[in-house]
>>> print(open('input_36.cif').read())   # mmCIF, C-alpha atoms
data_start
loop_
_atom_site.label_atom_id
_atom_site.label_comp_id
_atom_site.auth_asym_id
_atom_site.auth_seq_id
_atom_site.Cartn_x
_atom_site.Cartn_y
_atom_site.Cartn_z
CA MET A 1 109.96 56.94 76.80
CA ALA A 2 112.86 55.68 78.86
CA ALA A 3 113.51 52.03 79.50
CA GLY A 4 112.60 52.38 83.14
CA THR A 5 109.30 54.11 82.43
CA LEU A 6 105.98 52.77 81.28
CA ALA A 7 104.89 51.66 77.84
CA PRO A 8 101.56 52.96 76.50
CA ARG A 9 98.67 50.55 76.83
CA PRO A 10 97.19 49.35 73.52
CA PRO A 11 94.30 51.77 72.93
CA ASP A 12 91.59 49.24 72.18
CA SER A 13 92.15 47.54 75.53
CA LEU A 14 91.28 50.68 77.50
CA GLN A 15 87.60 51.06 78.32
CA GLU A 16 86.12 53.94 80.26
CA PHE A 17 83.04 53.51 82.44
CA HIS A 18 81.20 56.60 83.65
CA SER A 19 78.53 54.91 85.75
CA SER A 20 78.46 52.20 88.37
CA PRO A 21 79.27 48.63 87.29
CA GLN A 22 75.68 47.55 88.02
CA ASN A 23 74.27 50.00 85.45
CA SER A 24 77.02 49.64 82.88
CA PRO A 25 76.62 47.25 79.96
CA PRO A 26 79.17 44.43 79.89
CA PRO A 27 82.20 45.22 77.78
CA THR A 28 82.17 43.78 74.30
CA GLY A 29 85.01 43.17 71.93
CA GLY A 30 87.67 43.73 74.57
CA VAL A 31 91.15 42.36 74.32
CA PRO A 32 91.70 39.12 76.32
CA PRO A 33 94.16 39.40 79.24
CA ALA A 34 96.62 37.02 77.59
CA THR A 35 96.67 39.19 74.47
CA ASP A 36 97.14 42.27 76.64
CA LEU A 37 100.15 40.59 78.22
CA VAL A 38 101.79 39.96 74.84
CA LEU A 39 100.94 43.41 73.44
CA GLY A 40 102.09 45.18 76.59
CA ALA A 41 105.39 43.31 76.72
CA THR A 42 106.02 43.93 73.01
CA ALA A 43 105.24 47.65 73.22
CA GLY A 44 107.45 48.01 76.30
CA CYS A 45 110.39 46.26 74.65
CA LEU A 46 110.10 48.42 71.52
CA ALA A 47 110.04 51.58 73.62
CA CYS A 48 113.02 50.32 75.61
CA PHE A 49 115.11 49.71 72.49
CA LEU A 50 114.44 53.19 71.14
CA THR A 51 114.92 55.14 74.35
CA ASN A 52 117.57 53.17 76.27
CA PRO A 53 120.22 55.86 75.56
CA LEU A 54 118.08 58.36 77.49
CA GLU A 55 117.79 55.85 80.32
CA VAL A 56 121.60 55.57 80.54
CA VAL A 57 121.89 59.36 80.71
CA LYS A 58 119.10 59.57 83.29
CA THR A 59 120.76 57.00 85.53
CA ARG A 60 124.09 58.85 85.47
CA LEU A 61 122.44 62.21 86.22
CA GLN A 62 120.48 60.76 89.12
CA LEU A 63 123.55 59.15 90.71
CA GLN A 64 125.79 62.19 90.23
CA GLY A 65 126.57 63.89 93.55
CA GLU A 66 124.67 61.31 95.57
CA LEU A 67 124.38 62.45 99.22
CA GLN A 68 127.06 65.12 98.79
CA PRO A 69 126.57 68.85 99.30
CA PRO A 70 126.27 70.81 96.05
CA GLY A 71 129.51 72.30 94.80
CA THR A 72 131.74 69.71 96.53
CA TYR A 73 131.84 67.03 93.83
CA PRO A 74 132.89 66.86 90.16
CA ARG A 75 130.11 66.99 87.56
CA PRO A 76 131.10 65.03 84.45
CA TYR A 77 127.47 65.01 83.29
CA ARG A 78 125.78 68.37 82.71
CA GLY A 79 122.43 68.31 80.97
CA VAL A 80 120.96 65.64 78.71
CA LEU A 81 122.83 66.40 75.48
CA ARG A 82 126.21 67.04 77.09
CA ALA A 83 125.77 63.93 79.23
CA ALA A 84 125.06 61.85 76.12
CA VAL A 85 128.25 63.18 74.50
CA ALA A 86 130.19 62.40 77.68
CA VAL A 87 128.89 58.82 77.65
CA CYS A 88 129.94 58.40 74.01
CA ARG A 89 133.43 59.75 74.71
CA ALA A 90 133.94 57.46 77.70
CA ASP A 91 132.23 54.28 76.50
CA GLY A 92 131.77 54.74 72.76
CA LEU A 93 128.45 54.71 70.91
CA ARG A 94 127.71 51.28 72.38
CA GLY A 95 127.80 52.88 75.81
CA LEU A 96 124.44 54.52 75.06
CA GLN A 97 122.89 51.04 74.92
CA LYS A 98 124.34 49.76 78.19
CA GLY A 99 121.94 47.55 80.09
CA LEU A 100 119.74 47.08 77.02
CA ALA A 101 119.23 43.33 77.54
CA ALA A 102 118.28 43.84 81.18
CA GLY A 103 115.99 46.71 80.17
CA LEU A 104 114.22 44.55 77.59
CA LEU A 105 113.76 41.81 80.17
CA TYR A 106 112.39 44.31 82.68
CA GLN A 107 109.94 45.86 80.23
CA GLY A 108 108.72 42.46 79.07
CA LEU A 109 108.09 41.30 82.62
CA MET A 110 106.80 44.53 84.16
CA ASN A 111 104.54 45.76 81.36
CA GLY A 112 103.30 42.29 80.45
CA VAL A 113 102.22 41.57 84.01
CA ARG A 114 100.88 45.11 84.47
CA PHE A 115 98.61 44.98 81.42
CA TYR A 116 97.54 41.43 82.24
CA CYS A 117 96.44 42.42 85.76
CA TYR A 118 94.71 45.59 84.55
CA SER A 119 92.83 43.66 81.87
CA HIS A 120 91.52 41.28 84.53
CA ALA A 121 90.43 44.27 86.62
CA GLU A 122 88.52 45.63 83.61
CA ASP A 123 86.83 42.29 82.96
CA ALA A 124 85.79 42.12 86.61
CA GLY A 125 84.24 45.59 86.37
CA TRP A 126 86.50 47.13 89.03
CA THR A 127 87.39 50.07 86.80
CA GLY A 128 83.72 51.07 86.69
CA TYR A 129 83.74 52.34 90.26
CA PRO A 130 84.75 55.95 90.99
CA GLY A 131 88.53 55.98 91.10
CA GLY A 132 88.62 52.37 89.97
CA THR A 133 90.86 53.09 86.98
CA VAL A 134 93.46 54.76 89.21
CA ALA A 135 93.32 52.04 91.86
CA ALA A 136 93.49 49.19 89.34
CA GLY A 137 96.38 50.87 87.53
CA ALA A 138 98.29 51.35 90.79
CA VAL A 139 97.81 47.74 91.90
CA ALA A 140 98.70 46.39 88.47
CA GLY A 141 101.81 48.57 88.38
CA ALA A 142 102.88 47.43 91.86
CA VAL A 143 102.58 43.76 90.87
CA GLY A 144 104.54 44.39 87.67
CA ALA A 145 107.26 46.22 89.60
CA ILE A 146 107.70 43.31 92.00
CA VAL A 147 107.97 40.78 89.17
CA GLY A 148 110.43 42.87 87.15
CA SER A 149 112.54 44.19 90.05
CA PRO A 150 115.55 41.84 89.61
CA ALA A 151 115.92 42.91 85.98
CA TYR A 152 115.74 46.60 86.93
CA LEU A 153 118.37 46.05 89.62
CA VAL A 154 120.81 44.61 87.08
CA LYS A 155 119.94 47.28 84.51
CA THR A 156 120.80 50.05 86.98
CA HIS A 157 124.12 48.41 87.88
CA LEU A 158 125.14 48.01 84.24
CA GLN A 159 124.11 51.52 83.16
CA ALA A 160 126.06 53.12 86.02
CA GLN A 161 129.31 51.39 85.04
CA THR A 162 131.92 53.42 83.19
CA LEU A 163 135.54 54.57 83.34
CA SER A 164 136.74 55.61 86.78
CA ALA A 165 137.23 59.21 85.64
CA MET A 166 133.56 59.46 84.64
CA ALA A 167 132.08 57.19 87.32
CA VAL A 168 129.16 58.35 89.44
CA GLY A 169 127.63 56.21 92.15
CA HIS A 170 128.95 52.81 93.20
CA GLN A 171 130.59 50.70 90.49
CA HIS A 172 129.50 47.06 90.69
CA ASN A 173 131.75 45.99 87.79
CA HIS A 174 129.54 43.28 86.28
CA GLU A 175 130.79 41.72 83.06
CA SER A 176 127.39 40.88 81.58
CA ILE A 177 123.71 40.51 82.45
CA SER A 178 124.13 36.80 83.22
CA GLY A 179 127.25 37.52 85.27
CA ALA A 180 125.37 40.20 87.20
CA PHE A 181 122.52 37.88 88.11
CA LYS A 182 124.98 35.17 89.12
CA SER A 183 127.10 37.52 91.22
CA ILE A 184 124.12 39.01 93.06
CA TYR A 185 122.66 35.57 93.73
CA GLN A 186 125.96 34.16 95.01
CA GLN A 187 126.55 37.11 97.35
CA HIS A 188 123.03 37.82 98.59
CA GLY A 189 120.85 34.87 97.64
CA VAL A 190 117.36 35.05 96.14
CA VAL A 191 116.36 37.90 98.47
CA GLY A 192 119.24 39.99 97.12
CA LEU A 193 117.68 39.95 93.66
CA TRP A 194 114.74 41.92 95.05
CA ARG A 195 116.84 44.47 96.94
CA GLY A 196 115.41 47.93 96.32
CA VAL A 197 111.95 46.66 95.39
CA THR A 198 110.34 48.90 98.03
CA GLY A 199 111.53 51.88 95.99
CA ALA A 200 110.27 50.39 92.73
CA VAL A 201 106.74 49.59 93.93
CA PRO A 202 105.63 53.20 94.66
CA ARG A 203 107.51 54.37 91.56
CA VAL A 204 105.64 52.11 89.12
CA ALA A 205 102.36 52.20 91.05
CA VAL A 206 102.20 55.99 90.81
CA GLY A 207 103.31 56.04 87.17
CA SER A 208 100.91 53.27 86.16
CA ALA A 209 97.95 54.87 87.92
CA VAL A 210 98.60 58.24 86.29
CA GLN A 211 99.15 56.73 82.85
CA LEU A 212 96.10 54.52 82.78
CA ALA A 213 93.94 57.32 84.19
CA THR A 214 95.09 60.01 81.76
CA PHE A 215 95.67 58.19 78.46
CA ALA A 216 92.06 57.62 77.43
CA SER A 217 90.96 61.00 78.79
CA ALA A 218 93.71 62.82 76.88
CA LYS A 219 92.89 60.90 73.68
CA ASP A 220 89.19 61.77 73.95
CA TRP A 221 90.03 65.38 74.76
CA VAL A 222 92.01 65.96 71.54
CA CYS A 223 89.25 64.27 69.53
CA GLU A 224 86.51 66.42 71.10
CA ARG A 225 88.37 69.51 69.95
CA GLN A 226 88.57 67.99 66.48
CA TRP A 227 92.35 68.21 66.40
CA PHE A 228 92.47 64.60 65.20
CA ARG A 229 89.93 62.13 63.92
CA LYS A 230 88.63 59.71 66.55
CA GLY A 231 90.35 56.34 66.33
CA SER A 232 93.24 57.67 64.23
CA TRP A 233 96.87 56.90 65.04
CA ALA A 234 97.50 60.64 65.52
CA ALA A 235 94.88 60.78 68.30
CA VAL A 236 96.45 57.78 70.01
CA LEU A 237 99.92 59.35 69.68
CA ALA A 238 98.72 62.67 71.10
CA GLY A 239 97.03 60.96 74.01
CA GLY A 240 100.16 58.97 74.71
CA MET A 241 102.35 62.09 74.66
CA VAL A 242 100.10 63.95 77.11
CA SER A 243 99.95 60.90 79.35
CA GLY A 244 103.71 60.48 79.13
CA VAL A 245 104.34 64.02 80.36
CA ALA A 246 102.02 63.44 83.32
CA VAL A 247 103.81 60.18 84.15
CA ALA A 248 107.27 61.78 83.96
CA VAL A 249 106.30 64.66 86.27
CA THR A 250 104.70 62.45 88.92
CA MET A 251 107.13 59.52 88.79
CA THR A 252 110.54 61.22 88.65
CA PRO A 253 110.95 61.83 92.42
CA PHE A 254 110.28 58.13 93.06
CA ASP A 255 112.61 57.28 90.17
CA VAL A 256 115.55 59.10 91.76
CA ILE A 257 115.01 57.28 95.05
CA SER A 258 114.61 53.91 93.33
CA THR A 259 117.78 54.32 91.25
CA ARG A 260 119.88 55.13 94.32
CA LEU A 261 118.45 52.26 96.35
CA TYR A 262 119.16 49.80 93.55
CA ASN A 263 122.72 51.00 93.01
CA GLN A 264 123.93 51.37 96.61
CA PRO A 265 126.59 48.85 97.74
CA VAL A 266 125.71 46.32 100.42
CA ASP A 267 127.64 43.65 102.30
CA ALA A 268 126.85 39.96 102.05
CA ASP A 269 124.42 40.17 104.98
CA GLY A 270 122.47 43.01 103.35
CA THR A 271 123.93 45.80 105.48
CA VAL A 272 124.63 49.05 103.66
CA ARG A 273 128.37 49.06 103.05
CA PRO A 274 130.31 51.96 104.60
CA SER A 275 132.11 53.96 101.96
CA ARG A 276 134.77 56.62 102.14
CA VAL A 277 133.45 59.92 100.83
CA ARG A 278 135.45 62.95 99.85
CA HIS A 279 134.05 66.16 101.26
CA GLY A 280 135.62 69.51 100.56
CA GLY A 281 139.07 67.98 100.12
CA HIS A 282 138.85 66.11 103.43
CA ALA A 283 137.85 62.55 104.18
CA ALA A 284 134.58 61.82 105.91
CA PHE A 285 133.63 58.42 107.26
CA PRO A 286 130.14 57.17 108.10
CA ILE A 287 129.82 56.01 111.69
CA ARG A 288 127.23 54.27 113.78
CA GLN A 289 125.30 56.73 115.86
CA GLY A 290 127.37 57.12 119.01
CA GLY A 291 129.98 54.72 117.60
CA ARG A 292 133.50 55.00 116.33
CA ALA A 293 134.72 56.36 113.02
CA GLY A 294 134.74 53.84 110.19
CA SER A 295 132.41 51.34 111.84
CA SER A 296 129.67 49.79 109.73
CA LEU A 297 126.38 51.54 109.24
CA PRO A 298 123.42 50.26 111.22
CA ARG A 299 121.40 47.72 109.35
CA ALA A 300 118.34 49.20 107.69
CA SER A 301 115.48 47.43 106.03
CA SER A 302 114.67 48.38 102.45
CA THR A 303 111.58 50.22 103.62
CA GLU A 304 113.71 52.38 105.90
CA GLY A 305 116.09 52.89 103.01
CA PHE A 306 113.29 54.30 100.83
CA TRP A 307 112.32 56.91 103.43
CA ILE A 308 115.95 57.71 104.28
CA VAL A 309 116.74 58.52 100.64
CA SER A 310 113.48 60.51 100.38
CA TYR A 311 114.49 62.56 103.41
CA LYS A 312 118.18 63.01 102.63
CA SER A 313 117.83 64.23 99.04
CA PRO A 314 115.78 67.35 99.94
CA ALA A 315 118.02 67.90 102.96
CA LYS A 316 121.01 68.27 100.66
CA ARG A 317 119.58 70.18 97.70
CA GLY A 318 115.97 71.03 98.42
CA CYS A 319 112.89 69.35 97.00
CA TRP A 320 114.16 69.67 93.41
CA ALA A 321 116.82 67.06 94.23
CA CYS A 322 114.13 64.42 93.86
CA THR A 323 113.41 65.52 90.27
CA ARG A 324 116.93 65.10 88.92
CA ALA A 325 117.04 64.08 85.24
CA SER A 326 113.35 64.78 84.69
CA ALA A 327 114.37 67.47 82.17
CA PRO A 328 117.64 69.03 80.96
CA SER A 329 117.06 72.10 83.12
CA THR A 330 117.23 70.06 86.31
CA SER A 331 120.91 69.41 85.78
CA ALA A 332 121.83 73.11 85.87
CA SER A 333 124.10 74.57 88.48
CA ALA A 334 123.08 73.78 92.04
CA PRO A 335 122.52 76.44 94.73
CA THR A 336 125.35 77.82 96.80
CA PRO A 337 126.95 74.97 98.76
CA SER A 338 126.25 74.70 102.45
CA SER A 339 128.96 75.44 104.97
CA ALA A 340 128.29 72.18 106.78
CA SER A 341 131.27 69.88 107.07
CA SER A 342 129.44 66.70 108.02
CA PHE A 343 126.42 64.86 106.65
CA GLY A 344 124.79 61.48 107.27
CA ILE A 345 123.45 58.61 105.23
CA SER A 346 121.68 56.10 107.44
CA SER A 347 121.91 57.23 111.04
CA GLY A 348 122.41 60.84 109.94
CA THR A 349 125.85 60.91 111.60
CA TRP A 350 129.30 61.50 110.09
CA PHE A 351 132.75 62.03 111.49
CA SER A 352 134.66 64.55 109.42
CA THR A 353 138.40 64.99 109.76
CA SER A 354 137.90 68.64 108.84
CA SER A 355 135.78 69.25 111.94
CA PRO A 356 137.75 71.49 114.32
CA GLN A 357 136.18 69.84 117.35
CA GLY A 358 136.66 66.34 116.03
CA CYS A 359 132.95 65.92 116.73
CA ARG A 360 131.68 62.38 116.88
CA THR A 361 128.75 62.62 119.26
CA ASP A 362 125.07 62.04 118.73
CA SER A 363 124.26 65.69 119.26
CA CYS A 364 126.09 66.59 116.07
CA HIS A 365 124.08 64.64 113.54
CA HIS A 366 121.56 67.43 112.96
CA HIS A 367 123.84 70.38 113.29
CA ARG A 368 126.88 71.76 111.58
CA CYS A 369 130.17 71.26 113.36
#
>>> encode(input="input_36.cif", output="structure tokens")
Amino acid sequence: MAAGTLAPRPPDSLQEFHSSPQNSPPPTGGVPPATDLVLGATAGCLACFLTNPLEVVKTRLQLQGELQPPGTYPRPYRGVLRAAVAVCRADGLRGLQKGLAAGLLYQGLMNGVRFYCYSHAEDAGWTGYPGGTVAAGAVAGAVGAIVGSPAYLVKTHLQAQTLSAMAVGHQHNHESISGAFKSIYQQHGVVGLWRGVTGAVPRVAVGSAVQLATFASAKDWVCERQWFRKGSWAAVLAGGMVSGVAVAVTMTPFDVISTRLYNQPVDADGTVRPSRVRHGGHAAFPIRQGGRAGSSLPRASSTEGFWIVSYKSPAKRGCWACTRASAPSTSASAPTPSSASSFGISSGTWFSTSSPQGCRTDSCHHHRC
């Protein structure tokens, strides 16, 4: 389980109701919400410590080739195992634990709050309604994502940092977790600490809903087939593994979007910073729609940013672009590169010096010059 994913809920705090709350007996012997908070935070931190190396690799794979046509950028990270070796060569063994402190802080905040909110929903009987487990899990996950967003922002920045020869995505060059928080606060204020939260909310809400809805069902399913004894640690482990696969499949597209939103560079006023991008050996500069080359990108709210990244990733590599780093096979060779010489980020418009017409008009932003 990666540091940015979800920790399994303690099994005795999950209660399934198959009838309406009015006809269901009140729960007995449940875990108090405060205890759920502590257990959830502890389980999340333990999972984070064990799987943070995979989170570093995942972040690098998801940032590699960001908004560039396939085949036009170097690929220092190829597959999970080879990417882990590349991280070790560039940053040493300690490089596999980059962002660990921020990851622990994020897991403690996000999972603690998530389990606390879900436990309250159980006590109130909301999970007894049809679809109540899914709805309560989604809401609890969204609240946890909002609370833990600053820590995830810093974690993403730190895990993306490496030597220039192996760098993918923007390099924020923070010295430490405390230095990162201080730098972000000084440049962007309190609001800057929650930049990218609109990508994190659907990510954790979907993952939390799927996890809390499938864990108990998967655990009961393996017990019904007498694979494991009911209440045994093996049944809990099997249920958690099945639930974890379901979470990874459903959450990965949102995870790619969230990682890129968190890592993108912005100016002090929150505007997406224009960056020089190499394309096919020629320089391409983002421009304002109908504007001049090199001018700043139009300001976009974080909500717009979420949908822009959602739209642009499939436009470059197809729908599988949103499942990067979900499994080693997703980092295989990309399809044949497009012949387009210009692509957009925010307004969808680029000026490319390789364009024979020197195109810089609005009519070009959806067609290949």
>>> atom_distance(input="input_36.cif", atom1="CA of Gln226 in chain A", atom2="CA of Ala238 in chain A")
12.4 Å
>>> closest_atom_pairs(input="input_36.cif", of="range 230-268 of chain A", to="range 185-204 of chain A", cutoff="10 Å", atoms="all atoms listed in the file", output="JSON lines")
{"residue": "A:Val247", "atom": "CA", "partner": "A:Val204", "partner_atom": "CA", "distance": 9.7}
{"residue": "A:Thr250", "atom": "CA", "partner": "A:Arg203", "partner_atom": "CA", "distance": 9.0}
{"residue": "A:Met251", "atom": "CA", "partner": "A:Arg203", "partner_atom": "CA", "distance": 5.9}
{"residue": "A:Thr252", "atom": "CA", "partner": "A:Arg203", "partner_atom": "CA", "distance": 8.0}
{"residue": "A:Pro253", "atom": "CA", "partner": "A:Arg203", "partner_atom": "CA", "distance": 8.3}
{"residue": "A:Phe254", "atom": "CA", "partner": "A:Arg203", "partner_atom": "CA", "distance": 4.9}
{"residue": "A:Asp255", "atom": "CA", "partner": "A:Arg203", "partner_atom": "CA", "distance": 6.0}
{"residue": "A:Val256", "atom": "CA", "partner": "A:Gly199", "partner_atom": "CA", "distance": 9.3}
{"residue": "A:Ile257", "atom": "CA", "partner": "A:Gly199", "partner_atom": "CA", "distance": 6.5}
{"residue": "A:Ser258", "atom": "CA", "partner": "A:Gly199", "partner_atom": "CA", "distance": 4.5}
{"residue": "A:Thr259", "atom": "CA", "partner": "A:Gly199", "partner_atom": "CA", "distance": 8.2}
{"residue": "A:Arg260", "atom": "CA", "partner": "A:Gly196", "partner_atom": "CA", "distance": 8.7}
{"residue": "A:Leu261", "atom": "CA", "partner": "A:Gly196", "partner_atom": "CA", "distance": 5.3}
{"residue": "A:Tyr262", "atom": "CA", "partner": "A:Gly196", "partner_atom": "CA", "distance": 5.0}
{"residue": "A:Asn263", "atom": "CA", "partner": "A:Gly196", "partner_atom": "CA", "distance": 8.6}
{"residue": "A:Gln264", "atom": "CA", "partner": "A:Gly196", "partner_atom": "CA", "distance": 9.2}
{"residue": "A:Val266", "atom": "CA", "partner": "A:His188", "partner_atom": "CA", "distance": 9.1}
{"residue": "A:Asp267", "atom": "CA", "partner": "A:Gln187", "partner_atom": "CA", "distance": 8.3}
{"residue": "A:Ala268", "atom": "CA", "partner": "A:Gln187", "partner_atom": "CA", "distance": 5.5}
>>> closest_residue(input="input_36.cif", among="A:Gly137, A:Gly99, A:Gly169, A:Gly144", to="Ser119 in chain A", atoms="only C-alpha atoms")
A:Gly137
>>> atom_distance(input="input_36.cif", atom1="CA of Pro33 in chain A", atom2="CA of Thr214 in chain A")
20.8 Å
>>> closest_residue(input="input_36.cif", among="A:Ala205, A:Ala86, A:Val242, A:Leu37", to="Ser217 in chain A", atoms="only C-alpha atoms")
A:Val242
>>> resolve_selection(input="input_36.cif", expression="the PyMOL selection byres ((chain A and resi 116) around 10)", output="list of chain:residue names")
A:Pro32, A:Pro33, A:Ala34, A:Thr35, A:Asp36, A:Leu37, A:Val38, A:Leu39, A:Gly40, A:Ala41, A:Met110, A:Asn111, A:Gly112, A:Val113, A:Arg114, A:Phe115, A:Cys117, A:Tyr118, A:Ser119, A:His120, A:Ala121, A:Ala140, A:Gly144
